[in-house]
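The next block is protein-v8.cif, given as mmCIF, C-alpha atoms.
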data_model
#
loop_
_atom_site.label_atom_id
_atom_site.label_comp_id
_atom_site.auth_asym_id
_atom_site.auth_seq_id
_atom_site.Cartn_x
_atom_site.Cartn_y
_atom_site.Cartn_z
CA LYS A 1 2.09 -45.96 -23.12
CA LEU A 2 2.50 -48.48 -25.93
CA PHE A 3 -1.17 -49.44 -25.72
CA GLN A 4 -2.17 -45.76 -25.78
CA ASN A 5 -0.02 -45.18 -28.88
CA GLN A 6 -1.50 -48.23 -30.61
CA CYS A 7 -5.03 -47.09 -29.85
CA GLN A 8 -4.34 -43.57 -31.04
CA LYS A 9 -2.77 -44.87 -34.26
CA MET A 10 -5.79 -47.09 -34.86
CA PHE A 11 -8.11 -44.17 -34.10
CA LYS A 12 -6.27 -42.05 -36.65
CA GLU A 13 -6.20 -44.74 -39.32
CA ILE A 14 -9.76 -45.89 -38.77
CA LYS A 15 -11.67 -42.66 -38.24
CA SER A 16 -14.79 -44.71 -37.66
CA PHE A 17 -13.45 -46.18 -34.43
CA TYR A 18 -15.86 -44.00 -32.48
CA PHE A 19 -19.60 -43.93 -32.19
CA LEU A 20 -21.61 -40.79 -32.82
CA LYS A 21 -25.29 -40.83 -31.98
CA HIS A 22 -27.69 -37.92 -32.13
CA VAL A 23 -30.01 -38.09 -29.13
CA LYS A 24 -33.41 -37.50 -30.71
CA GLU A 25 -34.84 -36.29 -27.38
CA SER A 26 -32.14 -33.60 -27.07
CA LYS A 27 -34.40 -30.60 -27.63
CA ASN A 28 -36.98 -31.92 -25.15
CA ILE A 29 -34.50 -32.74 -22.37
CA LYS A 30 -32.16 -29.77 -22.66
CA HIS A 31 -34.09 -27.38 -20.39
CA LYS A 32 -34.59 -29.97 -17.63
CA LEU A 33 -30.94 -31.09 -17.68
CA LEU A 34 -29.73 -27.49 -17.59
CA LYS A 35 -32.04 -26.74 -14.65
CA TYR A 36 -30.59 -29.68 -12.70
CA ILE A 37 -27.05 -28.55 -13.56
CA ASN A 38 -27.71 -24.88 -12.82
CA ASP A 39 -29.12 -25.87 -9.41
CA SER A 40 -25.87 -27.68 -8.59
CA PRO A 41 -23.27 -25.91 -6.47
CA LYS A 42 -20.61 -24.01 -8.38
CA VAL A 43 -17.43 -26.06 -8.15
CA SER A 44 -14.60 -25.49 -10.57
CA TYR A 45 -11.85 -27.90 -11.55
CA GLU A 46 -8.57 -26.78 -13.06
CA LYS A 47 -9.75 -24.39 -15.79
CA VAL A 48 -13.31 -25.77 -16.05
CA SER A 49 -15.88 -23.16 -14.98
CA LYS A 50 -18.31 -25.51 -13.23
CA THR A 51 -18.40 -29.27 -12.69
CA ASP A 52 -19.54 -31.96 -10.30
CA TRP A 53 -16.52 -34.18 -11.00
CA ASP A 54 -15.96 -34.63 -7.25
CA SER A 55 -19.36 -36.36 -7.03
CA CYS A 56 -19.06 -38.41 -10.22
CA SER A 57 -19.69 -41.75 -8.50
CA ASP A 58 -22.98 -40.54 -6.96
CA SER A 59 -25.68 -41.94 -9.22
CA ASP A 60 -28.47 -40.37 -7.12
CA ARG A 61 -27.96 -36.87 -8.49
CA PRO A 62 -31.22 -35.84 -10.25
CA TYR A 63 -29.76 -35.22 -13.71
CA VAL A 64 -27.90 -38.55 -13.62
CA LYS A 65 -31.04 -40.56 -12.81
CA TYR A 66 -32.97 -38.67 -15.49
CA PHE A 67 -30.30 -38.86 -18.18
CA ILE A 68 -29.39 -42.55 -17.74
CA LYS A 69 -32.96 -43.53 -18.72
CA ILE A 70 -32.58 -41.59 -21.97
CA LEU A 71 -29.07 -42.92 -22.66
CA LYS A 72 -29.87 -46.63 -22.36
CA PRO A 73 -31.21 -47.26 -25.89
CA TYR A 74 -28.27 -45.38 -27.44
CA MET A 75 -25.72 -47.32 -25.43
CA TYR A 76 -27.45 -50.62 -26.17
CA SER A 77 -27.28 -49.85 -29.89
CA ILE A 78 -23.48 -49.69 -29.44
CA VAL A 79 -23.60 -52.96 -27.47
CA LYS A 80 -25.16 -54.56 -30.56
CA LYS A 81 -22.55 -53.09 -32.92
CA LEU A 82 -19.74 -54.35 -30.70
CA ASN A 83 -21.41 -57.77 -30.41
CA THR A 84 -21.27 -57.64 -26.61
CA LYS A 85 -23.94 -58.41 -24.07
CA SER A 86 -24.14 -55.25 -21.97
CA TRP A 87 -22.44 -52.05 -20.88
CA ALA A 88 -21.43 -50.56 -17.56
CA MET A 89 -21.21 -46.90 -16.70
CA HIS A 90 -18.28 -45.81 -14.56
CA ASN A 91 -19.13 -42.38 -13.18
CA MET A 92 -20.96 -39.43 -14.75
CA TRP A 93 -20.30 -35.72 -14.40
CA PHE A 94 -21.07 -32.44 -16.12
CA GLN A 95 -18.70 -29.68 -17.14
CA GLN A 96 -19.50 -26.12 -18.13
CA TYR A 97 -17.09 -23.88 -19.98
CA GLU A 98 -17.58 -20.14 -19.78
CA LYS A 99 -15.33 -17.69 -21.63
CA SER A 100 -11.60 -18.52 -21.23
CA SER A 101 -12.18 -21.92 -19.62
CA TYR A 102 -10.84 -25.22 -20.98
CA HIS A 103 -9.75 -28.74 -20.01
CA THR A 104 -6.17 -29.82 -20.74
CA TRP A 105 -5.03 -32.92 -22.63
CA HIS A 106 -5.91 -36.12 -20.82
CA THR A 107 -7.07 -39.73 -21.10
CA HIS A 108 -9.38 -41.83 -18.95
CA PRO A 109 -7.39 -44.85 -17.74
CA SER A 110 -8.98 -48.06 -16.42
CA VAL A 111 -12.08 -47.89 -18.62
CA GLN A 112 -12.73 -48.80 -22.25
CA PHE A 113 -14.64 -45.79 -23.56
CA SER A 114 -15.18 -42.15 -22.72
CA CYS A 115 -18.50 -40.57 -23.60
CA VAL A 116 -19.44 -36.95 -24.12
CA TYR A 117 -22.98 -35.64 -24.54
CA TYR A 118 -23.05 -32.11 -25.96
CA LEU A 119 -25.86 -30.42 -24.04
CA GLU A 120 -24.82 -26.90 -25.11
CA LEU A 121 -22.46 -26.48 -28.04
CA PRO A 122 -22.73 -23.00 -29.56
CA ASN A 123 -20.21 -23.78 -32.31
CA ILE A 124 -17.92 -26.53 -33.58
CA ASN A 125 -14.82 -24.63 -32.38
CA LEU A 126 -15.71 -25.74 -28.84
CA ALA A 127 -15.98 -29.45 -29.72
CA THR A 128 -13.62 -31.96 -28.15
CA GLU A 129 -10.21 -32.06 -29.78
CA PHE A 130 -8.16 -35.23 -30.21
CA LYS A 131 -4.44 -35.76 -30.69
CA ASP A 132 -3.04 -38.61 -32.77
CA VAL A 133 0.32 -40.33 -32.38
CA GLU A 134 1.95 -37.77 -34.68
CA ASN A 135 0.65 -34.98 -32.42
CA LYS A 136 -1.80 -33.79 -35.05
CA ILE A 137 -4.94 -32.28 -33.56
CA PHE A 138 -8.31 -33.11 -35.07
CA LYS A 139 -12.01 -32.87 -34.27
CA ILE A 140 -15.01 -35.01 -34.99
CA ASN A 141 -17.91 -33.18 -36.54
CA VAL A 142 -20.36 -33.06 -33.62
CA LYS A 143 -23.31 -30.83 -32.88
CA GLU A 144 -25.47 -30.00 -29.90
CA GLY A 145 -27.48 -33.06 -28.87
CA ASP A 146 -24.83 -35.55 -30.02
CA LEU A 147 -23.38 -38.36 -27.94
CA LEU A 148 -19.76 -39.15 -28.81
CA VAL A 149 -18.27 -42.45 -27.58
CA PHE A 150 -14.54 -42.99 -28.16
CA PRO A 151 -11.68 -45.12 -26.80
CA SER A 152 -10.69 -43.74 -23.42
CA SER A 153 -6.98 -44.04 -24.18
CA VAL A 154 -7.12 -41.40 -26.92
CA LEU A 155 -5.72 -38.04 -25.83
CA HIS A 156 -8.43 -35.40 -25.84
CA ARG A 157 -9.23 -31.97 -24.45
CA SER A 158 -11.82 -29.26 -24.41
CA PRO A 159 -10.30 -26.26 -26.21
CA LYS A 160 -10.30 -22.79 -24.68
CA ASN A 161 -13.68 -21.13 -24.96
CA LYS A 162 -12.99 -17.85 -26.75
CA SER A 163 -16.66 -16.93 -27.10
CA ASN A 164 -19.17 -15.42 -24.70
CA LYS A 165 -21.42 -18.47 -25.10
CA ARG A 166 -21.29 -21.33 -22.65
CA LYS A 167 -20.50 -24.94 -23.54
CA THR A 168 -22.04 -27.67 -21.35
CA VAL A 169 -21.30 -31.38 -21.60
CA ILE A 170 -22.31 -34.43 -19.64
CA SER A 171 -19.50 -36.98 -19.62
CA PHE A 172 -19.26 -40.55 -18.44
CA ASN A 173 -16.98 -43.52 -18.80
CA SER A 174 -18.18 -46.93 -19.90
CA SER A 175 -17.10 -50.45 -20.65
CA PHE A 176 -18.78 -53.04 -22.81
CA LEU A 177 -19.19 -56.47 -21.28
CA GLN A 178 -19.28 -60.01 -22.69
#
Could you express the structure from this file as structure tokens?
Amino acid sequence: KLFQNQCQKMFKEIKSFYFLKHVKESKNIKHKLLKYINDSPKVSYEKVSKTDWDSCSDSDRPYVKYFIKILKPYMYSIVKKLNTKSWAMHNMWFQQYEKSSYHTWHTHPSVQFSCVYYLELPNINLATEFKDVENKIFKINVKEGDLLVFPSSVLHRSPKNKSNKRKTVISFNSSFLQ
């Protein structure tokens, strides 16, 4: 708990303690990724409309194999900024949010960073929300096609989707290695 509070305080004080990369291939890969996701069985989790969280350790899913190839240069650019040697991915999953769906406040223990790729983001109101140590809620200005990488100990959630447009993200956890 102390470590989480320290990380959240640092995140609040140093707003640049996250990495935001726009995936230049986003327009070209969107249709293919959505086809893979739409072909997946409909499984919900808590108040998330559709996800494959239960299979998150299976790296043989078609969208995972496809997307990892695209992600590598973006993740290695973060490796360079952190002055580390490599990165490891710990699980990948998608989540879709139809009207009235959301994901409650949570963290991702046992990993260094959480990563969110915004495959479908109809408006900024649906972007990930963060909570600082003073319980103030804030957002990072993201757009569709962005990859957001942030400390996994920071409380975050997907707010309730009040629109008729779907939000789709691909999430994964990662650690950077010496």
So that I can check the surroundings of region 34-50 of chain A, please list as JSON, numbers by chain every protein, DNA and RNA residue that reaches within 12 Å of it, counting only C-alpha atoms and ignoring chain neighbours fewer than 5 positions away. {"A": [26, 27, 28, 29, 55, 61, 62, 63, 64, 65, 66, 67, 93, 94, 95, 96, 97, 98, 99, 100, 101, 102, 103, 104, 105, 118, 119, 120, 157, 158, 159, 160, 161, 166, 167, 168, 169, 170]}
Since I can't run it myself right now, could you work out what the PyMOL selection byres ((chain A and resi 77) around 12) selects here and report it as an MDAnalysis selection string? chainID A and resid 19:21 71:76 78:87 149 176
Pick out the residues sitting within 8 Å of His108 (chain A), and hand them over as a PDB file with C-alpha atoms, keeping the file's coordinate frame; count only C-alpha atoms, and ignore anything fewer than 2 positions along from it in its own chain.
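So part22.pdb came out as:
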ATOM      1  CA  HIS A 106      -5.910 -36.120 -20.820  1.00  0.00           C
ATOM      2  CA  SER A 110      -8.980 -48.060 -16.420  1.00  0.00           C
ATOM      3  CA  VAL A 111     -12.080 -47.890 -18.620  1.00  0.00           C
ATOM      4  CA  SER A 114     -15.180 -42.150 -22.720  1.00  0.00           C
ATOM      5  CA  SER A 152     -10.690 -43.740 -23.420  1.00  0.00           C
ATOM      6  CA  SER A 153      -6.980 -44.040 -24.180  1.00  0.00           C
ATOM      7  CA  ASN A 173     -16.980 -43.520 -18.800  1.00  0.00           C
TER       8      ASN A 173
END
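Counting all atoms listed in the file, the residue from A:Thr107, A:Leu126, A:His31, A:Lys69 that sits nearest to Asn164 (chain A) is A:Leu126.
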Given all atoms listed in the file as the basis, pick out the residue of A:Ile70, A:Phe130, A:Gln178, A:Asn125 nearest to Lys162 (chain A). A:Asn125
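We find CA of Leu121 (chain A) and CA of Pro109 (chain A) to be spaced 25.9 Å apart.
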Could the centre and edge lengths of an axis-aligned box, enclosing all atoms of region 157-172 of chain A in the file with 8 Å extra on each side, be given in Å to one decimal as lines of an AutoDock Vina configuration file?
center_x = -15.8
center_y = -28.0
center_z = -22.8
size_x = 29.1
size_y = 41.1
size_z = 24.7
